[in-house]
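Structure data (JSON, C-alpha atoms) from work06.json:
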```
[["chain", "number", "residue", "atom", "x", "y", "z"],
["A", 1, "ALA", "CA", 115.65, 57.28, -42.98],
["A", 2, "TYR", "CA", 116.85, 60.69, -44.07],
["A", 3, "GLU", "CA", 120.60, 61.21, -44.39],
["A", 4, "ILE", "CA", 121.91, 64.58, -43.22],
["A", 5, "HIS", "CA", 125.34, 65.69, -44.40],
["A", 6, "SER", "CA", 127.41, 67.95, -42.20],
["A", 7, "SER", "CA", 128.08, 70.22, -45.14],
["A", 8, "ASP", "CA", 124.34, 70.91, -45.39],
["A", 9, "TRP", "CA", 123.85, 71.51, -41.65],
["A", 10, "SER", "CA", 123.91, 75.31, -41.60],
["A", 11, "SER", "CA", 121.60, 75.61, -44.58],
["A", 12, "ASP", "CA", 119.23, 73.04, -43.06],
["A", 13, "VAL", "CA", 119.08, 75.01, -39.81],
["A", 14, "CYS", "CA", 118.20, 78.19, -41.70],
["A", 15, "SER", "CA", 115.65, 76.27, -43.73],
["A", 16, "SER", "CA", 114.11, 74.87, -40.54],
["A", 17, "ASP", "CA", 113.83, 78.34, -39.08],
["A", 18, "ARG", "CA", 112.02, 79.52, -42.19],
["A", 19, "SER", "CA", 109.74, 76.49, -42.12],
["A", 20, "LEU", "CA", 108.90, 77.08, -38.46],
["A", 21, "SER", "CA", 108.05, 80.67, -39.24],
["A", 22, "LYS", "CA", 105.74, 79.54, -42.03],
["A", 23, "LEU", "CA", 104.13, 76.95, -39.79],
["A", 24, "ASN", "CA", 103.47, 79.50, -37.08],
["A", 25, "SER", "CA", 102.01, 81.87, -39.64],
["A", 26, "GLN", "CA", 99.70, 79.14, -40.92],
["A", 27, "LEU", "CA", 98.73, 78.21, -37.36],
["A", 28, "GLU", "CA", 97.66, 81.79, -36.71],
["A", 29, "LYS", "CA", 95.45, 81.67, -39.81],
["A", 30, "ILE", "CA", 93.87, 78.38, -38.74],
["A", 31, "GLN", "CA", 93.19, 79.62, -35.22],
["A", 32, "SER", "CA", 91.67, 82.86, -36.47],
["A", 33, "LYS", "CA", 88.06, 83.02, -37.64],
["A", 34, "SER", "CA", 87.99, 81.52, -41.12],
["A", 35, "TYR", "CA", 84.37, 82.40, -41.98],
["A", 36, "SER", "CA", 83.85, 86.02, -42.97],
["A", 37, "ASP", "CA", 80.29, 87.30, -42.80],
["A", 38, "PRO", "CA", 79.83, 90.25, -45.18],
["A", 39, "ASN", "CA", 76.99, 91.53, -42.97],
["A", 40, "GLU", "CA", 78.93, 91.32, -39.73],
["A", 41, "GLY", "CA", 78.34, 94.49, -37.75],
["A", 42, "LYS", "CA", 75.25, 95.35, -39.81],
["A", 43, "MET", "CA", 72.92, 92.68, -38.41],
["A", 44, "TRP", "CA", 71.16, 93.11, -35.07],
["A", 45, "LYS", "CA", 69.93, 90.19, -33.02],
["A", 46, "PRO", "CA", 67.99, 90.39, -29.74],
["A", 47, "THR", "CA", 69.75, 89.06, -26.67],
["A", 48, "ARG", "CA", 68.07, 86.32, -24.66],
["A", 49, "ASP", "CA", 68.84, 85.46, -21.05],
["A", 50, "LYS", "CA", 69.55, 82.01, -19.66],
["A", 51, "ALA", "CA", 65.83, 81.36, -19.40],
["A", 52, "GLY", "CA", 65.44, 82.12, -23.10],
["A", 53, "ASN", "CA", 63.58, 85.40, -22.61],
["A", 54, "GLY", "CA", 64.40, 88.70, -24.27],
["A", 55, "PHE", "CA", 63.09, 92.22, -24.70],
["A", 56, "ALA", "CA", 63.87, 95.18, -26.95],
["A", 57, "VAL", "CA", 62.10, 98.06, -28.67],
["A", 58, "ILE", "CA", 62.78, 98.52, -32.37],
["A", 59, "ARG", "CA", 61.37, 100.58, -35.21],
["A", 60, "PHE", "CA", 61.01, 99.15, -38.70],
["A", 61, "LEU", "CA", 62.31, 101.57, -41.33],
["A", 62, "PRO", "CA", 61.23, 102.39, -44.91],
["A", 63, "ALA", "CA", 62.87, 101.13, -48.07],
["A", 64, "PRO", "CA", 66.47, 102.35, -48.41],
["A", 65, "VAL", "CA", 67.26, 105.08, -50.88],
["A", 66, "GLY", "CA", 66.89, 103.84, -54.46],
["A", 67, "GLU", "CA", 65.00, 100.67, -53.43],
["A", 68, "ASP", "CA", 61.30, 99.88, -53.66],
["A", 69, "TYR", "CA", 60.45, 97.75, -50.63],
["A", 70, "PRO", "CA", 61.28, 97.85, -46.90],
["A", 71, "PHE", "CA", 62.02, 94.13, -46.68],
["A", 72, "VAL", "CA", 63.41, 91.24, -48.68],
["A", 73, "ARG", "CA", 62.38, 87.63, -48.44],
["A", 74, "ILE", "CA", 64.98, 84.87, -48.35],
["A", 75, "TRP", "CA", 64.57, 81.11, -48.33],
["A", 76, "ASP", "CA", 67.23, 78.88, -46.82],
["A", 77, "HIS", "CA", 67.86, 75.31, -45.69],
["A", 78, "GLY", "CA", 69.38, 74.08, -42.46],
["A", 79, "PHE", "CA", 69.70, 70.38, -41.63],
["A", 80, "GLN", "CA", 72.17, 67.69, -40.66],
["A", 81, "GLY", "CA", 72.79, 64.81, -43.02],
["A", 82, "PRO", "CA", 73.56, 61.16, -42.17],
["A", 83, "THR", "CA", 77.26, 62.04, -42.46],
["A", 84, "GLY", "CA", 76.93, 64.38, -39.47],
["A", 85, "LEU", "CA", 77.66, 67.34, -41.72],
["A", 86, "TRP", "CA", 75.37, 70.38, -41.74],
["A", 87, "TYR", "CA", 73.82, 71.91, -44.84],
["A", 88, "ILE", "CA", 73.30, 75.62, -44.07],
["A", 89, "GLU", "CA", 72.73, 77.46, -47.34],
["A", 90, "ASN", "CA", 70.45, 80.05, -48.92],
["A", 91, "SER", "CA", 68.07, 78.54, -51.46],
["A", 92, "LEU", "CA", 68.09, 79.55, -55.10],
["A", 93, "THR", "CA", 64.28, 79.57, -54.95],
["A", 94, "THR", "CA", 64.79, 83.02, -53.41],
["A", 95, "LEU", "CA", 65.74, 84.10, -56.93],
["A", 96, "ASP", "CA", 63.00, 82.01, -58.57],
["A", 97, "ARG", "CA", 65.62, 79.56, -59.75],
["A", 98, "ASP", "CA", 65.87, 75.78, -59.50],
["A", 99, "ASP", "CA", 67.47, 74.57, -56.29],
["A", 100, "PRO", "CA", 68.80, 71.01, -55.81],
["A", 101, "VAL", "CA", 67.43, 70.57, -52.28],
["A", 102, "SER", "CA", 63.96, 71.81, -53.24],
["A", 103, "GLU", "CA", 63.94, 69.48, -56.24],
["A", 104, "TYR", "CA", 64.92, 66.53, -54.07],
["A", 105, "ASN", "CA", 62.32, 67.44, -51.44],
["A", 106, "SER", "CA", 59.62, 67.78, -54.08],
["A", 107, "LYS", "CA", 60.29, 64.24, -55.28],
["A", 108, "LEU", "CA", 60.08, 62.96, -51.72],
["A", 109, "TRP", "CA", 56.92, 64.94, -51.00],
["A", 110, "ASN", "CA", 55.14, 63.87, -54.16],
["A", 111, "SER", "CA", 55.95, 60.18, -53.72],
["A", 112, "GLY", "CA", 52.86, 59.76, -51.54],
["A", 113, "ILE", "CA", 54.90, 57.86, -48.95],
["A", 114, "GLU", "CA", 54.65, 59.21, -45.42],
["A", 115, "GLU", "CA", 58.26, 58.29, -44.62],
["A", 116, "ASP", "CA", 59.39, 60.36, -47.62],
["A", 117, "LYS", "CA", 57.30, 63.32, -46.45],
["A", 118, "ALA", "CA", 58.85, 63.05, -42.99],
["A", 119, "GLU", "CA", 62.31, 63.09, -44.55],
["A", 120, "ALA", "CA", 61.41, 66.10, -46.69],
["A", 121, "ARG", "CA", 60.21, 67.99, -43.61],
["A", 122, "LYS", "CA", 63.62, 67.54, -42.03],
["A", 123, "MET", "CA", 65.22, 69.30, -45.00],
["A", 124, "LYS", "CA", 62.50, 71.83, -45.74],
["A", 125, "ARG", "CA", 63.00, 75.46, -46.61],
["A", 126, "ARG", "CA", 62.99, 78.14, -43.97],
["A", 127, "LEU", "CA", 61.45, 81.51, -44.76],
["A", 128, "LYS", "CA", 63.07, 84.61, -43.33],
["A", 129, "TYR", "CA", 62.71, 88.33, -43.90],
["A", 130, "VAL", "CA", 65.25, 91.12, -43.52],
["A", 131, "SER", "CA", 64.47, 94.80, -42.89],
["A", 132, "ASN", "CA", 66.29, 97.88, -41.70],
["A", 133, "ILE", "CA", 65.46, 98.81, -38.12],
["A", 134, "LEU", "CA", 66.27, 101.54, -35.63],
["A", 135, "VAL", "CA", 67.10, 100.14, -32.20],
["A", 136, "VAL", "CA", 65.10, 102.28, -29.76],
["A", 137, "SER", "CA", 65.84, 100.30, -26.61],
["A", 138, "ASP", "CA", 68.17, 97.35, -26.09],
["A", 139, "PRO", "CA", 68.62, 96.85, -22.33],
["A", 140, "SER", "CA", 71.19, 94.09, -22.80],
["A", 141, "ASN", "CA", 73.25, 96.15, -25.28],
["A", 142, "PRO", "CA", 72.55, 99.85, -24.71],
["A", 143, "GLN", "CA", 75.40, 100.76, -27.09],
["A", 144, "ASN", "CA", 73.09, 99.71, -29.93],
["A", 145, "GLU", "CA", 70.40, 102.26, -29.10],
["A", 146, "GLY", "CA", 69.90, 104.95, -31.73],
["A", 147, "LYS", "CA", 71.72, 102.91, -34.38],
["A", 148, "VAL", "CA", 70.44, 101.45, -37.64],
["A", 149, "PHE", "CA", 70.86, 97.73, -38.29],
["A", 150, "LEU", "CA", 69.57, 94.98, -40.51],
["A", 151, "TYR", "CA", 67.20, 92.64, -38.68],
["A", 152, "GLN", "CA", 66.33, 89.10, -39.76],
["A", 153, "TYR", "CA", 62.97, 87.79, -38.62],
["A", 154, "GLY", "CA", 60.53, 85.03, -39.34],
["A", 155, "ALA", "CA", 56.92, 84.58, -40.35],
["A", 156, "LYS", "CA", 55.53, 85.19, -36.85],
["A", 157, "ILE", "CA", 56.86, 88.75, -36.71],
["A", 158, "PHE", "CA", 56.04, 89.29, -40.37],
["A", 159, "GLY", "CA", 52.48, 88.34, -39.54],
["A", 160, "LYS", "CA", 52.35, 91.07, -36.89],
["A", 161, "LEU", "CA", 53.51, 93.62, -39.47],
["A", 162, "GLN", "CA", 50.77, 92.43, -41.78],
["A", 163, "GLU", "CA", 48.14, 92.65, -39.03],
["A", 164, "LEU", "CA", 49.04, 96.28, -38.39],
["A", 165, "MET", "CA", 48.67, 97.10, -42.08],
["A", 166, "ASN", "CA", 45.52, 95.03, -42.54],
["A", 167, "PRO", "CA", 43.61, 94.95, -39.22],
["A", 168, "GLN", "CA", 40.83, 92.40, -38.85],
["A", 169, "PHE", "CA", 38.39, 94.53, -36.86],
["A", 170, "ASP", "CA", 36.56, 97.78, -37.65],
["A", 171, "ASP", "CA", 37.73, 99.51, -34.48],
["A", 172, "GLU", "CA", 41.38, 99.09, -35.48],
["A", 173, "THR", "CA", 43.16, 101.61, -37.69],
["A", 174, "ALA", "CA", 45.55, 100.45, -40.39],
["A", 175, "ALA", "CA", 49.09, 101.80, -40.17],
["A", 176, "ASP", "CA", 52.29, 101.40, -42.12],
["A", 177, "PRO", "CA", 54.87, 100.02, -39.67],
["A", 178, "PHE", "CA", 57.71, 101.08, -41.98],
["A", 179, "ASN", "CA", 56.69, 104.77, -42.03],
["A", 180, "MET", "CA", 58.99, 107.12, -40.12],
["A", 181, "TRP", "CA", 56.14, 109.49, -39.19],
["A", 182, "GLU", "CA", 53.05, 107.30, -39.01],
["A", 183, "GLY", "CA", 54.61, 103.98, -38.03],
["A", 184, "ALA", "CA", 54.98, 102.58, -34.54],
["A", 185, "ASN", "CA", 57.64, 101.23, -32.23],
["A", 186, "PHE", "CA", 57.65, 97.44, -31.96],
["A", 187, "ARG", "CA", 58.02, 95.91, -28.52],
["A", 188, "LEU", "CA", 59.83, 92.67, -29.20],
["A", 189, "LYS", "CA", 59.10, 90.20, -26.41],
["A", 190, "ILE", "CA", 60.63, 86.75, -26.57],
["A", 191, "GLN", "CA", 59.58, 83.92, -24.30],
["A", 192, "LYS", "CA", 60.76, 80.35, -24.19],
["A", 193, "VAL", "CA", 57.71, 78.16, -24.68],
["A", 194, "ALA", "CA", 58.02, 74.37, -24.82],
["A", 195, "GLY", "CA", 61.75, 74.84, -25.29],
["A", 196, "TYR", "CA", 61.51, 77.23, -28.24],
["A", 197, "PRO", "CA", 61.43, 81.03, -28.67],
["A", 198, "ASN", "CA", 57.95, 82.49, -28.91],
["A", 199, "TYR", "CA", 57.00, 86.02, -30.05],
["A", 200, "ASP", "CA", 53.25, 86.05, -29.37],
["A", 201, "LYS", "CA", 53.47, 88.78, -26.70],
["A", 202, "SER", "CA", 55.25, 91.21, -29.04],
["A", 203, "THR", "CA", 53.15, 94.30, -29.80],
["A", 204, "PHE", "CA", 53.17, 97.65, -31.59],
["A", 205, "ASP", "CA", 52.87, 100.92, -29.69],
["A", 206, "THR", "CA", 50.51, 103.70, -30.72],
["A", 207, "PRO", "CA", 51.69, 105.17, -34.05],
["A", 208, "SER", "CA", 54.00, 108.16, -33.72],
["A", 209, "ALA", "CA", 56.92, 109.84, -35.47],
["A", 210, "ILE", "CA", 60.39, 108.52, -34.77],
["A", 211, "SER", "CA", 61.53, 112.06, -34.07],
["A", 212, "ASP", "CA", 60.36, 115.65, -34.47],
["A", 213, "ASP", "CA", 63.84, 116.58, -35.65],
["A", 214, "ASP", "CA", 64.08, 116.43, -39.46],
["A", 215, "SER", "CA", 67.85, 116.23, -39.33],
["A", 216, "GLU", "CA", 67.61, 113.16, -37.08],
["A", 217, "LEU", "CA", 65.17, 111.50, -39.48],
["A", 218, "GLU", "CA", 67.51, 112.25, -42.37],
["A", 219, "ARG", "CA", 70.43, 110.79, -40.44],
["A", 220, "ILE", "CA", 68.52, 107.57, -39.77],
["A", 221, "PHE", "CA", 67.36, 107.25, -43.38],
["A", 222, "ASN", "CA", 70.86, 107.80, -44.75],
["A", 223, "GLU", "CA", 72.30, 105.10, -42.47],
["A", 224, "GLU", "CA", 70.06, 102.37, -43.83],
["A", 225, "HIS", "CA", 71.71, 99.34, -45.43],
["A", 226, "SER", "CA", 70.93, 98.01, -48.88],
["A", 227, "LEU", "CA", 68.40, 95.19, -48.94],
["A", 228, "LYS", "CA", 68.76, 94.42, -52.63],
["A", 229, "GLU", "CA", 72.38, 93.54, -51.97],
["A", 230, "LEU", "CA", 71.24, 90.62, -49.82],
["A", 231, "ILE", "CA", 69.45, 88.99, -52.75],
["A", 232, "ASP", "CA", 71.97, 89.87, -55.43],
["A", 233, "PRO", "CA", 72.63, 86.65, -57.40],
["A", 234, "LYS", "CA", 76.37, 87.14, -56.90],
["A", 235, "ASN", "CA", 75.85, 86.37, -53.20],
["A", 236, "PHE", "CA", 74.29, 82.96, -53.90],
["A", 237, "LYS", "CA", 76.16, 79.78, -54.69],
["A", 238, "SER", "CA", 75.54, 78.22, -58.08],
["A", 239, "TYR", "CA", 73.25, 75.25, -58.62],
["A", 240, "ASP", "CA", 76.23, 72.95, -59.18],
["A", 241, "GLU", "CA", 77.99, 74.16, -56.02],
["A", 242, "LEU", "CA", 74.89, 73.60, -53.92],
["A", 243, "LYS", "CA", 74.30, 70.20, -55.47],
["A", 244, "ALA", "CA", 77.85, 69.12, -54.69],
["A", 245, "LYS", "CA", 77.49, 70.34, -51.12],
["A", 246, "PHE", "CA", 74.11, 68.60, -50.76],
["A", 247, "TYR", "CA", 75.54, 65.32, -52.04],
["A", 248, "ARG", "CA", 78.46, 65.59, -49.66],
["A", 249, "VAL", "CA", 76.14, 66.15, -46.69],
["A", 250, "LEU", "CA", 74.00, 63.15, -47.72],
["A", 251, "ALA", "CA", 77.08, 61.09, -48.64],
["A", 252, "ALA", "CA", 75.21, 60.39, -51.87],
["A", 253, "ASP", "CA", 78.46, 60.22, -53.81],
["A", 254, "GLY", "CA", 80.51, 58.38, -51.23],
["A", 255, "PHE", "CA", 81.85, 61.37, -49.31],
["A", 256, "THR", "CA", 82.24, 60.97, -45.56],
["A", 257, "SER", "CA", 83.50, 63.36, -42.94],
["A", 258, "SER", "CA", 83.72, 63.92, -39.21],
["A", 259, "THR", "CA", 80.65, 64.99, -37.29],
["A", 260, "PRO", "CA", 80.15, 68.23, -35.32],
["A", 261, "THR", "CA", 80.78, 68.12, -31.59],
["A", 262, "ALA", "CA", 77.94, 67.70, -29.14],
["A", 263, "GLU", "CA", 78.58, 71.24, -27.95],
["A", 264, "ASP", "CA", 78.09, 72.55, -31.49],
["A", 265, "ALA", "CA", 74.84, 70.64, -31.93],
["A", 266, "ASP", "CA", 73.48, 71.92, -28.61],
["A", 267, "ASP", "CA", 73.92, 75.52, -29.76],
["A", 268, "LEU", "CA", 71.66, 75.09, -32.79],
["A", 269, "ASP", "CA", 67.94, 75.69, -32.41],
["A", 270, "MET", "CA", 66.30, 73.35, -34.93],
["A", 271, "SER", "CA", 62.81, 73.84, -33.53],
["A", 272, "ASN", "CA", 61.19, 74.61, -36.86],
["A", 273, "PHE", "CA", 63.01, 72.10, -39.02],
["A", 274, "GLY", "CA", 60.61, 69.20, -39.15],
["A", 275, "ALA", "CA", 57.67, 71.21, -37.81],
["A", 276, "LYS", "CA", 54.23, 71.13, -39.43],
["A", 277, "ASP", "CA", 53.82, 72.97, -42.69],
["A", 278, "ALA", "CA", 52.27, 76.43, -42.43],
["A", 279, "PRO", "CA", 50.55, 78.45, -45.17],
["A", 280, "GLU", "CA", 52.87, 80.92, -46.80],
["A", 281, "PRO", "CA", 52.20, 84.47, -45.54],
["A", 282, "THR", "CA", 51.50, 87.23, -48.02],
["A", 283, "LEU", "CA", 51.69, 90.99, -47.71],
["A", 284, "ASN", "CA", 48.57, 92.34, -49.38],
["A", 285, "VAL", "CA", 49.77, 95.91, -49.79],
["A", 286, "MET", "CA", 52.96, 94.87, -51.59],
["A", 287, "PRO", "CA", 52.14, 91.80, -53.71],
["A", 288, "GLU", "CA", 54.93, 92.53, -56.17],
["A", 289, "ALA", "CA", 57.48, 91.82, -53.48],
["A", 290, "GLN", "CA", 56.29, 88.23, -53.15],
["A", 291, "SER", "CA", 57.91, 85.77, -55.53],
["A", 292, "ALA", "CA", 56.11, 82.70, -56.77],
["A", 293, "ALA", "CA", 56.65, 79.70, -54.52],
["A", 294, "PRO", "CA", 56.87, 76.02, -55.51],
["A", 295, "SER", "CA", 53.77, 73.90, -54.96],
["A", 296, "MET", "CA", 55.27, 72.26, -51.88],
["A", 297, "SER", "CA", 55.19, 74.83, -49.07],
["A", 298, "MET", "CA", 57.52, 74.18, -46.13],
["A", 299, "ASN", "CA", 57.95, 77.32, -44.08],
["A", 300, "ASP", "CA", 59.46, 78.17, -40.72],
["A", 301, "ASP", "CA", 58.44, 80.79, -38.20],
["A", 302, "ASP", "CA", 61.63, 81.06, -36.22],
["A", 303, "ASP", "CA", 63.90, 84.04, -36.85],
["A", 304, "ASP", "CA", 66.95, 82.59, -35.10],
["A", 305, "ASP", "CA", 69.79, 82.62, -37.57],
["A", 306, "LEU", "CA", 72.19, 79.74, -38.09],
["A", 307, "SER", "CA", 75.34, 81.83, -38.41],
["A", 308, "ILE", "CA", 77.19, 79.84, -35.75],
["A", 309, "PHE", "CA", 77.23, 76.89, -38.11],
["A", 310, "LYS", "CA", 78.16, 78.69, -41.32],
["A", 311, "GLU", "CA", 81.84, 77.94, -40.90],
["A", 312, "LEU", "CA", 81.05, 74.30, -40.18],
["A", 313, "ALA", "CA", 78.63, 74.07, -43.09],
["A", 314, "ASN", "CA", 81.05, 75.70, -45.53],
["A", 315, "GLY", "CA", 83.89, 73.44, -44.55]]
```

Translate the structure described by the file into structure tokens.
Amino acid sequence: AYEIHSSDWSSDVCSSDRSLSKLNSQLEKIQSKSYSDPNEGKMWKPTRDKAGNGFAVIRFLPAPVGEDYPFVRIWDHGFQGPTGLWYIENSLTTLDRDDPVSEYNSKLWNSGIEEDKAEARKMKRRLKYVSNILVVSDPSNPQNEGKVFLYQYGAKIFGKLQELMNPQFDDETAADPFNMWEGANFRLKIQKVAGYPNYDKSTFDTPSAISDDDSELERIFNEEHSLKELIDPKNFKSYDELKAKFYRVLAADGFTSSTPTAEDADDLDMSNFGAKDAPEPTLNVMPEAQSAAPSMSMNDDDDDDLSIFKELANG
């Protein structure tokens, strides 16, 4: 038991008031959003209705000033370990560096055991691309129209960009979808197929200039966001940090923790994690932009980001 002396009463009351103030201040911090996304406000994402369908018209933009390519390629991982914790992290293979999860998956994959391959598929890399876009039409969020954003997309949409640049048939004309004069608007159509988003009905319009007004084109170009910044090594966790996080998620070193709520898990679309492997897409007109990939190819087509779990994963 604590003994309180009457002579200390007034000072204790003042001290309690100060402590309460500190506690309330800390409570405000805890209740506020603790994860800060450096790209918040820069990234555009199409809105889908309750049925999982969505529509928007966007225009892919050229490389930002001082940069060479109109897109960057990023590998990441997203999976739940036996602890119930989520591992949501960019992979160091993006930078052509060793990554602990890729190393672990390679060992599983090369063991020749089907159970190991199945486990590796659950933790496989996801391939995503990021480009600058102009939002031409966004019926669900008209305030976005005419603005420049970063847009993260997957291999399905990347494949449509590639098809426009390298058509398969003689009666089709090649076009650069990132060109402000000779490119084309992209009609992004999202359908929910077998429970997952599908982009097969998305198409390009006939090539045309974004605008006939040079000042408007200059305004759009100057509002582009840096893509190189997204793959700056300073924005990636170190090998040791990722390894520690990976071990904690797997409980490989004895760590345990509470699991996410059912509501949290329901919000995450894991449709591509554990899906069949697909051949890695290449962009023939810009081969220098493609980095060498490890022998084990585990790619994803979905462009849904996992930002809602970043706070959970970084906890």

Open item on the list: When you look at Val135 of chain A with a cut-off of 12 Å (counting only C-alpha atoms), what residues show up, excluding the ones that are within fewer than 2 positions of it in the same chain? I need them as a VMD selection string.
Closed with: chain A and resid 43 to 46 55 to 61 132 to 133 137 to 151 185 to 188 210 220

TODO: In Å, rounded to a single decimal, give me how far atom CA of Val249 of chain A is from atom CA of Tyr87 of chain A.
DONE: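 Result for atom CA of Tyr87 of chain A versus atom CA of Val249 of chain A: 6.5 Å, one decimal.
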
Task: Of the listed residues A:Tyr129, A:Trp86, A:Phe246, A:Tyr104, that which approaches Leu161 of chain A most closely, counting only C-alpha atoms - done: A:Tyr129

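Atom CA of Lys228 of chain A is found 7.3 Å from atom CA of Glu67 of chain A.
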
Spatial sel., origin (73.7, 72.9, -49.1), limit 12 Å, all atoms listed in the file, listed as a PDB file with C-alpha atoms, in the frame of the given file:
```
ATOM      1  CA  ASP A  76      67.230  78.880 -46.820  1.00  0.00           C
ATOM      2  CA  HIS A  77      67.860  75.310 -45.690  1.00  0.00           C
ATOM      3  CA  GLY A  78      69.380  74.080 -42.460  1.00  0.00           C
ATOM      4  CA  PHE A  79      69.700  70.380 -41.630  1.00  0.00           C
ATOM      5  CA  GLN A  80      72.170  67.690 -40.660  1.00  0.00           C
ATOM      6  CA  GLY A  81      72.790  64.810 -43.020  1.00  0.00           C
ATOM      7  CA  LEU A  85      77.660  67.340 -41.720  1.00  0.00           C
ATOM      8  CA  TRP A  86      75.370  70.380 -41.740  1.00  0.00           C
ATOM      9  CA  TYR A  87      73.820  71.910 -44.840  1.00  0.00           C
ATOM     10  CA  ILE A  88      73.300  75.620 -44.070  1.00  0.00           C
ATOM     11  CA  GLU A  89      72.730  77.460 -47.340  1.00  0.00           C
ATOM     12  CA  ASN A  90      70.450  80.050 -48.920  1.00  0.00           C
ATOM     13  CA  SER A  91      68.070  78.540 -51.460  1.00  0.00           C
ATOM     14  CA  LEU A  92      68.090  79.550 -55.100  1.00  0.00           C
ATOM     15  CA  ASP A  99      67.470  74.570 -56.290  1.00  0.00           C
ATOM     16  CA  PRO A 100      68.800  71.010 -55.810  1.00  0.00           C
ATOM     17  CA  VAL A 101      67.430  70.570 -52.280  1.00  0.00           C
ATOM     18  CA  SER A 102      63.960  71.810 -53.240  1.00  0.00           C
ATOM     19  CA  TYR A 104      64.920  66.530 -54.070  1.00  0.00           C
ATOM     20  CA  MET A 123      65.220  69.300 -45.000  1.00  0.00           C
ATOM     21  CA  LYS A 124      62.500  71.830 -45.740  1.00  0.00           C
ATOM     22  CA  ARG A 125      63.000  75.460 -46.610  1.00  0.00           C
ATOM     23  CA  PHE A 236      74.290  82.960 -53.900  1.00  0.00           C
ATOM     24  CA  LYS A 237      76.160  79.780 -54.690  1.00  0.00           C
ATOM     25  CA  SER A 238      75.540  78.220 -58.080  1.00  0.00           C
ATOM     26  CA  TYR A 239      73.250  75.250 -58.620  1.00  0.00           C
ATOM     27  CA  ASP A 240      76.230  72.950 -59.180  1.00  0.00           C
ATOM     28  CA  GLU A 241      77.990  74.160 -56.020  1.00  0.00           C
ATOM     29  CA  LEU A 242      74.890  73.600 -53.920  1.00  0.00           C
ATOM     30  CA  LYS A 243      74.300  70.200 -55.470  1.00  0.00           C
ATOM     31  CA  ALA A 244      77.850  69.120 -54.690  1.00  0.00           C
ATOM     32  CA  LYS A 245      77.490  70.340 -51.120  1.00  0.00           C
ATOM     33  CA  PHE A 246      74.110  68.600 -50.760  1.00  0.00           C
ATOM     34  CA  TYR A 247      75.540  65.320 -52.040  1.00  0.00           C
ATOM     35  CA  ARG A 248      78.460  65.590 -49.660  1.00  0.00           C
ATOM     36  CA  VAL A 249      76.140  66.150 -46.690  1.00  0.00           C
ATOM     37  CA  LEU A 250      74.000  63.150 -47.720  1.00  0.00           C
ATOM     38  CA  LYS A 310      78.160  78.690 -41.320  1.00  0.00           C
ATOM     39  CA  LEU A 312      81.050  74.300 -40.180  1.00  0.00           C
ATOM     40  CA  ALA A 313      78.630  74.070 -43.090  1.00  0.00           C
ATOM     41  CA  ASN A 314      81.050  75.700 -45.530  1.00  0.00           C
ATOM     42  CA  GLY A 315      83.890  73.440 -44.550  1.00  0.00           C
TER      43      GLY A 315
END
```

Task: Between atom CA of Phe221 of chain A and atom CA of Ile157 of chain A, distance in Å (one decimal) - done: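 Calculated distance between atom CA of Phe221 of chain A and atom CA of Ile157 of chain A is 22.3 Å.
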
TODO: For Trp109 of chain A, work out the shell of residues within 10 Å, counting all atoms listed in the file and skipping chain neighbours fewer than 3 positions away, then give it as number ranges by chain.
DONE: A: 103-106, 112-121, 296

Task: Residue with smallest distance to Asp49 of chain A - pool A:Gln191, A:Gln162, A:Thr203, A:Ser215, counting only C-alpha atoms - done: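 Of all the options, A:Gln191 lies closest to Asp49 of chain A.
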
Open item on the list: If we count all atoms listed in the file and set the cut-off at 12 Å, which residues sit around Ala175 of chain A, ignoring sequence neighbours fewer than 6 positions away in its own chain? Please answer as a PyMOL selection string.
Closed with: chain A and resi 160-167+181-185+204-208+285

Given the selection you just returned, output its residues as a file containing C-alpha atoms, formatted as a short mmCIF file (atom, residue, chain, number, x, y, z; two decimals), in the coordinates of the input.
```cif
data_model
loop_
_atom_site.label_atom_id
_atom_site.label_comp_id
_atom_site.auth_asym_id
_atom_site.auth_seq_id
_atom_site.Cartn_x
_atom_site.Cartn_y
_atom_site.Cartn_z
CA LYS A 160 52.35 91.07 -36.89
CA LEU A 161 53.51 93.62 -39.47
CA GLN A 162 50.77 92.43 -41.78
CA GLU A 163 48.14 92.65 -39.03
CA LEU A 164 49.04 96.28 -38.39
CA MET A 165 48.67 97.10 -42.08
CA ASN A 166 45.52 95.03 -42.54
CA PRO A 167 43.61 94.95 -39.22
CA TRP A 181 56.14 109.49 -39.19
CA GLU A 182 53.05 107.30 -39.01
CA GLY A 183 54.61 103.98 -38.03
CA ALA A 184 54.98 102.58 -34.54
CA ASN A 185 57.64 101.23 -32.23
CA PHE A 204 53.17 97.65 -31.59
CA ASP A 205 52.87 100.92 -29.69
CA THR A 206 50.51 103.70 -30.72
CA PRO A 207 51.69 105.17 -34.05
CA SER A 208 54.00 108.16 -33.72
CA VAL A 285 49.77 95.91 -49.79
#
```

Task: Nearest residue to Leu217 of chain A from the set A:Asn235, A:Ser111, A:Asn198, A:Asn179 (distances using only C-alpha atoms) - done: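 Smallest distance to Leu217 of chain A is found for A:Asn179.
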
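The smallest atom-to-atom distance between Arg97 of chain A and any of A:Tyr199, A:Asp212, A:Met180, A:Pro233, using only C-alpha atoms, is found for A:Pro233.
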
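Of the listed residues A:Asn53, A:Ser211, A:Asn110, A:Ser131, the one whose atoms come nearest to Tyr69 of chain A is A:Ser131, with distances taken using all atoms listed in the file.
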
Open item on the list: Restricting the calculation to only C-alpha atoms: of A:Ala251, A:Gly154, A:Gly159, A:Ile190, which residue gets closest to Pro82 of chain A?
Closed with: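 For Pro82 of chain A, the nearest of the given residues is A:Ala251.
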
Open item on the list: Need the shell around Leu95 of chain A: protein/DNA/RNA residues with any atom at most 9 Å away, counting only C-alpha atoms. Skip same-chain ones fewer than 5 positions apart. Format as an MDAnalysis selection string?
Closed with: chainID A and resid 74 231:233 291
